[in-house]
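The next block holds one structure in the form of structure tokens; read it before the comments.
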Amino acid sequence: MAEAAAAAAAGGAGGGGGGGGAAAEHEGQVTMPGEGGLPKVVVRHHSGAEVEVYLHGATVTSYKGADGQQLLFVSSRAVFDGVKAIRGGIPIVFPQFGAGALPQHGFARNKAWTLVSTGDGAAELTLADDDATRAVWPHAFKLTYRIAFDGYSLTTTLEYVCGLLTVAMLPPRRTYHPAPTPPPPP
């Protein structure tokens with residue numbers, strides 16, 4: 001799994017390498033080996049803020065505002081082995097929340113994502129169905145994860161497109177974990 005993530009880092013547009021243990025820098029972004037040798041991308045904003053995202057699960061593990069203060073938590077028990085989900089930060093939950101027919105919280109948080117682009121305070125990653133995902137969830141899909149930030153805020157957007165849906169299919173669930181509680185309706 002770590003090898004697939006490394007390949008994704010090397011192959012993604014704007015991903016700039018990721019193998020060989022060396023960091024590669026491109027327009028406000030650095031791709032380098034992270035914990036456990038997993039490829040990670042550090043994206044910077046001109047305010048001095050920065051975000052760290054692992055290609056394994058597209059997990060945002062760090063957001064530092066313009067003042068340099070760390071605003072996300074990653075557990076000291078987090079495992080960076082390319083198999084388990086990274087514990088903490090902003091993991092992606094898709095296509096299922098909680099326990100069920102699929103692994104807990106789905107499979108997106110355990111897959112190697114492709115880095116599509118980065119810019120000043122922005123990154124975009126994608127994940128599409130493959131033989132392994134169709135073996136446990138037989139549906140075509142493409143996820144696009146966008147991260148945008150500045151010195152004072154961080155916004156993430158997860159967009160999904162699923163193949164032809166039939167009436168008998170349950171819609172996929174997607175969220176971040178922990179999921180915020182929406183305000184009550186007016």
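Here, A, B, ... name the chains of the structure tokens in the order displayed, residue numbers run from 1 inside each chain, and ligands are numbered from 1 in the same displayed order.
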Those in region 42-171 of chain A with strand (DSSP E) from DSSP, as a VMD selection string
chain A and resid 42 to 44 50 to 54 59 to 64 92 to 93 114 to 119 122 to 128 141 to 149 154 to 162
Distance query His46 (chain A) at most 8 Å, only C-alpha atoms, self and fewer than 4 positions along chain excluded, as a CSV table (one decimal) with C-alpha atoms, in the first residue's frame:
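Done, and the output landed in around_22.csv:
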```csv
chain,number,residue,atom,x,y,z
A,120,ASP,CA,-1.0,29.0,-2.7
A,121,GLY,CA,-3.1,27.6,0.2
A,150,ASP,CA,-5.3,30.8,4.6
```
One decimal, in Å: what's the spacing between CA of Pro95 (chain A) and CA of Trp113 (chain A)?
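If I compute the distance from CA of Pro95 (chain A) to CA of Trp113 (chain A), I get 15.1 Å.
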Name all residues at most 9 Å from Asp130 (chain A) (count only C-alpha atoms; drop same-chain ones fewer than 4 positions away) and give them as a tab-separated table (two decimals) with all heavy atoms, in the first residue's frame.
```
chain	number	residue	atom	x	y	z
A	134	ARG	N	-14.03	-2.24	-6.07
A	134	ARG	CA	-15.21	-2.91	-6.65
A	134	ARG	C	-15.40	-4.31	-6.08
A	134	ARG	O	-16.52	-4.83	-6.08
A	134	ARG	CB	-15.12	-2.93	-8.16
A	134	ARG	CG	-15.38	-1.55	-8.79
A	134	ARG	CD	-15.49	-1.60	-10.30
A	134	ARG	NE	-14.30	-2.16	-10.93
A	134	ARG	CZ	-13.22	-1.47	-11.27
A	134	ARG	NH1	-13.16	-0.18	-11.02
A	134	ARG	NH2	-12.19	-2.06	-11.83
A	135	ALA	N	-14.34	-4.91	-5.53
A	135	ALA	CA	-14.48	-6.23	-4.90
A	135	ALA	C	-15.30	-6.15	-3.62
A	135	ALA	O	-15.96	-7.12	-3.25
A	135	ALA	CB	-13.10	-6.82	-4.61
A	140	ALA	N	-18.98	2.15	-9.56
A	140	ALA	CA	-18.01	3.10	-10.10
A	140	ALA	C	-18.15	4.41	-9.34
A	140	ALA	O	-19.26	4.81	-8.97
A	140	ALA	CB	-18.26	3.32	-11.59
```
Hey, can you check how far CA of Gln70 (chain A) sits from CA of Ala112 (chain A)?
24.9 Å
Residues at most 8 Å from Gly151 (chain A), counting only C-alpha atoms, excluding those fewer than 2 positions away in the same chain, as a list of chain:residue names?
A:His45, A:Ser47, A:Gly48, A:Ala49, A:Lys64, A:Gly65, A:Ala66, A:Asp67, A:Phe149, A:Ser153
